[in-house]
$ cat target15.txt   # compact mmCIF, C-alpha atoms
# COMPACT_ATOMS: atom_id res chain seq x y z
CA MET A 126 23.51 16.82 -35.67
CA ASP A 127 22.39 19.32 -38.30
CA HIS A 128 20.83 16.46 -40.28
CA ILE A 129 18.66 15.51 -37.33
CA ASP A 130 17.61 19.12 -36.75
CA ARG A 131 16.62 19.47 -40.42
CA LEU A 132 14.72 16.19 -40.25
CA LEU A 133 12.85 17.35 -37.14
CA LYS A 134 11.98 20.65 -38.86
CA THR A 135 10.40 18.74 -41.76
CA PHE A 136 7.92 17.49 -39.14
CA GLU A 137 7.53 21.06 -37.87
CA PHE A 138 9.44 20.43 -34.65
CA GLU A 139 11.70 23.20 -33.40
CA GLY A 140 14.58 20.89 -32.60
CA TRP A 141 14.83 18.31 -29.83
CA SER A 142 12.86 20.38 -27.34
CA GLY A 143 9.88 20.48 -29.72
CA LEU A 144 9.96 16.73 -30.22
CA THR A 145 10.39 16.09 -26.49
CA SER A 146 7.55 18.45 -25.69
CA SER A 147 5.32 16.61 -28.16
CA LEU A 148 6.27 13.19 -26.86
CA PHE A 149 5.99 14.20 -23.20
CA PRO A 150 3.55 17.10 -22.85
CA SER A 151 3.66 16.73 -19.08
CA LEU A 152 7.18 18.23 -19.23
CA LYS A 153 5.66 21.63 -20.04
CA TYR A 154 3.82 21.53 -16.73
CA SER A 155 6.56 19.86 -14.67
CA LEU A 156 4.27 16.85 -14.21
CA THR A 157 6.65 14.26 -15.65
CA PRO A 158 8.23 13.28 -12.33
CA LEU A 159 4.75 12.89 -10.85
CA ALA A 160 3.46 10.92 -13.84
CA ILE A 161 6.50 8.65 -13.96
CA SER A 162 6.57 8.06 -10.20
CA THR A 163 2.83 7.33 -10.10
CA SER A 164 3.15 4.85 -12.94
CA ALA A 165 6.22 3.26 -11.40
CA ILE A 166 4.59 2.96 -7.99
CA SER A 167 1.52 1.35 -9.55
CA VAL A 168 3.59 -1.19 -11.45
CA ILE A 169 5.88 -1.90 -8.50
CA THR A 170 3.13 -2.35 -5.96
CA TYR A 171 1.11 -4.56 -8.29
CA LYS A 172 3.96 -6.71 -9.58
CA ILE A 173 5.96 -6.92 -6.36
CA PHE A 174 3.37 -6.78 -3.60
CA GLY A 175 0.27 -7.89 -5.53
CA LEU A 176 -1.69 -4.77 -4.56
CA ASP A 177 -3.64 -2.71 -7.07
CA VAL A 178 -3.72 1.09 -6.90
CA LEU A 179 -6.72 1.28 -4.57
CA ALA A 180 -5.29 -1.33 -2.18
CA THR A 181 -1.94 0.47 -2.20
CA ILE A 182 -3.62 3.76 -1.34
CA ALA A 183 -5.56 2.03 1.45
CA PHE A 184 -2.37 0.39 2.73
CA VAL A 185 -0.55 3.74 2.85
CA VAL A 186 -3.53 5.46 4.49
CA VAL A 187 -3.82 2.82 7.22
CA MET A 188 -0.07 2.98 7.90
CA VAL A 189 -0.06 6.78 8.10
CA ALA A 190 -3.16 6.68 10.33
CA GLU A 191 -1.46 4.16 12.61
CA VAL A 192 1.64 6.31 12.95
CA PHE A 193 -0.24 9.55 13.61
CA SER A 194 -2.78 7.97 15.96
CA GLY A 195 0.13 6.31 17.80
CA ILE A 196 1.90 9.63 18.17
CA LEU A 197 -1.30 11.27 19.49
CA ALA A 198 -1.95 8.36 21.86
CA SER A 199 1.61 8.68 23.19
CA LYS A 200 1.07 12.40 23.81
CA VAL A 201 -2.19 11.69 25.66
CA GLN A 202 -0.36 9.13 27.81
CA LYS A 203 2.54 11.58 28.23
CA ILE A 204 4.95 9.09 26.69
CA ASP A 205 7.81 10.63 24.75
CA SER A 206 8.07 9.78 21.07
CA SER A 207 11.28 7.99 20.25
CA SER A 208 13.24 6.80 17.29
CA LEU A 209 13.04 3.31 18.81
CA LYS A 210 9.26 3.29 18.37
CA MET A 211 9.57 4.50 14.78
CA SER A 212 12.20 1.82 14.18
CA ARG A 213 9.79 -0.79 15.55
CA PHE A 214 7.10 0.48 13.19
CA SER A 215 9.56 0.39 10.28
CA LEU A 216 10.54 -3.19 11.11
CA LYS A 217 6.88 -4.18 11.32
CA MET A 218 6.23 -2.55 7.94
CA ALA A 219 9.23 -4.32 6.42
CA CYS A 220 7.96 -7.67 7.70
CA TYR A 221 4.49 -7.00 6.30
CA LEU A 222 5.89 -6.04 2.90
CA ILE A 223 8.19 -9.07 2.83
CA MET A 224 5.26 -11.40 3.57
CA LEU A 225 3.18 -9.77 0.82
CA PHE A 226 6.10 -9.90 -1.62
CA VAL A 227 6.96 -13.55 -0.94
CA SER A 228 3.38 -14.83 -1.15
CA ASN A 229 2.71 -12.81 -4.32
CA ALA A 230 6.00 -13.82 -5.94
CA PHE A 231 5.34 -17.51 -5.33
CA ALA A 232 1.74 -17.19 -6.60
CA GLU A 233 2.96 -15.47 -9.78
CA SER A 234 5.73 -18.01 -10.25
CA PHE A 235 3.43 -21.00 -9.88
CA ASP A 236 0.84 -19.35 -12.13
CA GLY A 237 3.50 -18.79 -14.79
CA LYS A 238 4.51 -22.44 -14.62
CA GLY A 239 0.91 -23.64 -14.83
CA SER A 240 0.89 -25.15 -11.35
CA SER A 241 -2.68 -24.55 -10.26
CA VAL A 242 -2.20 -26.04 -6.77
CA GLY A 243 0.86 -23.91 -6.04
CA TYR A 244 -0.83 -20.82 -7.45
CA TRP A 245 -4.04 -21.48 -5.51
CA PHE A 246 -2.19 -21.88 -2.21
CA PHE A 247 0.04 -18.82 -2.51
CA ASP A 248 -2.72 -16.67 -3.98
CA TRP A 249 -4.90 -17.67 -1.00
CA LEU A 250 -2.00 -17.01 1.39
CA HIS A 251 -1.46 -13.58 -0.17
CA LEU A 252 -5.14 -12.71 0.27
CA PHE A 253 -5.10 -14.01 3.84
CA LEU A 254 -2.00 -11.95 4.69
CA ALA A 255 -3.40 -8.79 3.10
CA ILE A 256 -6.62 -9.15 5.11
CA HIS A 257 -4.70 -9.99 8.28
CA ILE A 258 -2.30 -7.06 7.92
CA ALA A 259 -5.14 -4.61 7.26
CA THR A 260 -7.11 -5.97 10.23
CA GLU A 261 -4.13 -5.81 12.59
CA ASN A 262 -3.43 -2.20 11.66
CA ILE A 263 -7.06 -1.18 11.98
CA ILE A 264 -7.14 -2.80 15.44
CA SER A 265 -3.99 -0.87 16.35
CA ILE A 266 -5.62 2.37 15.20
CA GLY A 267 -8.67 1.45 17.29
CA GLU A 268 -6.49 0.99 20.36
CA ASN A 269 -4.87 4.35 19.73
CA LEU A 270 -8.27 6.04 19.27
CA GLY A 271 -9.45 4.52 22.56
CA VAL A 272 -6.47 6.08 24.33
CA ILE A 273 -6.91 9.41 22.52
CA SER A 274 -10.61 9.58 23.42
CA GLY A 275 -9.86 8.71 27.05
CA LYS A 276 -11.97 5.55 26.92
CA GLY A 277 -9.09 3.11 27.31
CA LYS A 278 -7.08 1.05 24.88
CA THR A 279 -9.64 -1.76 24.60
CA TYR A 280 -12.83 0.34 24.29
CA TRP A 281 -13.18 0.34 20.50
CA ILE A 282 -11.94 -3.22 20.18
CA ALA A 283 -14.59 -4.35 22.70
CA GLN A 284 -17.23 -2.51 20.63
CA ILE A 285 -16.17 -4.41 17.53
CA GLN A 286 -16.07 -7.71 19.42
CA ASP A 287 -19.59 -7.11 20.74
CA LYS A 288 -20.89 -6.45 17.21
CA VAL A 289 -19.19 -9.55 15.82
CA ASN A 290 -20.48 -11.68 18.71
CA ASP A 291 -24.01 -10.31 18.21
CA LEU A 292 -23.77 -11.14 14.52
CA PHE A 293 -22.76 -14.73 15.24
CA LYS A 294 -25.43 -15.12 17.94
CA SER A 295 -28.16 -13.93 15.60
CA SER A 296 -26.97 -16.19 12.76
CA LYS A 297 -26.95 -19.23 15.09
CA SER A 298 -30.51 -18.56 16.24
CA ASP A 299 -31.82 -18.39 12.67
$ encode --input "target15.txt" --output "structure tokens"
Amino acid sequence: MDHIDRLLKTFEFEGWSGLTSSLFPSLKYSLTPLAISTSAISVITYKIFGLDVLATIAFVVVMVAEVFSGILASKVQKIDSSSLKMSRFSLKMACYLIMLFVSNAFAESFDGKGSSVGYWFFDWLHLFLAIHIATENIISIGENLGVISGKGKTYWIAQIQDKVNDLFKSSKSD
């Protein structure tokens, strides 16, 4: 052990702590757990679920917004919060993540094997599911906001439907 300490001193390191501090400067500021977890989350969400950092942030934000808006909507309706409702949300989240994982895993597998048809299909399916999941959760938040604002569960959804219908009507008349 003395040999290693002498070797480290020849590089002007004060033992292992000096070397570690040089290799991982974030340790000095207690940022290493944050840096490692951020990197790990980025790699995991991209490789496993096929979502980049921005999409992952958006996914988390929409899920948190759905939970909190649901809790507020329940309070407005004077419905008690329950672990059953949180369990339902957790099951829904698990299903969403499984669908994203499976479609991404198959797309990556077919891409790795050079199967363009398999890759194309599962890549398309992954995109479709990501859009569908985001849309479903945004609609759920809209329902909750309708309840919270006292305008009814379908108010905001009807507003969106009207805009979409107007868009299609105007494009047909062109």
$ closest_residue --input "target15.txt" --among "A:Ala255, A:Ala198, A:Lys288, A:Arg213" --to "A:Gly275" --atoms "only C-alpha atoms"
A:Ala198
$ closest_residue --input "target15.txt" --among "A:Ala283, A:Ile196, A:Ser147, A:Lys134" --to "A:Lys210" --atoms "all atoms listed in the file"
A:Ile196
$ atom_distance --input "target15.txt" --atom1 "atom CA of A:Val187" --atom2 "atom CA of A:Asn229"
20.5 Å
$ closest_residue --input "target15.txt" --among "A:Val289, A:Val227, A:Leu222, A:Leu133" --to "A:Asp248" --atoms "only C-alpha atoms"
A:Val227
$ residues_around --input "target15.txt" --residues "A:Glu261" --least-positions-apart "5" --cutoff "12 Å" --atoms "only C-alpha atoms" --output "ChimeraX atom specification"
/A:184,187-188,191,217-218,221,254-256,266-268,282
$ residues_around --input "target15.txt" --residues "A:Asp130" --least-positions-apart "3" --cutoff "9 Å" --atoms "all atoms listed in the file" --output "list of chain:residue names"
A:Met126, A:Asp127, A:Leu133, A:Lys134, A:Thr135, A:Phe138, A:Glu139, A:Gly140, A:Trp141
$ atom_distance --input "target15.txt" --atom1 "atom CA of A:Phe231" --atom2 "atom CA of A:Val186"
26.5 Å
$ closest_residue --input "target15.txt" --among "A:Phe246, A:Tyr280, A:Phe174, A:Phe253" --to "A:Ile223" --atoms "all atoms listed in the file"
A:Phe174
$ closest_residue --input "target15.txt" --among "A:Leu225, A:Gln286, A:Val189, A:Lys203" --to "A:Thr170" --atoms "only C-alpha atoms"
A:Leu225
$ atom_distance --input "target15.txt" --atom1 "atom CA of A:Gly239" --atom2 "atom CA of A:Tyr171"
20.2 Å
$ closest_residue --input "target15.txt" --among "A:His257, A:His251, A:Val201, A:Leu216" --to "A:Lys276" --atoms "only C-alpha atoms"
A:Val201
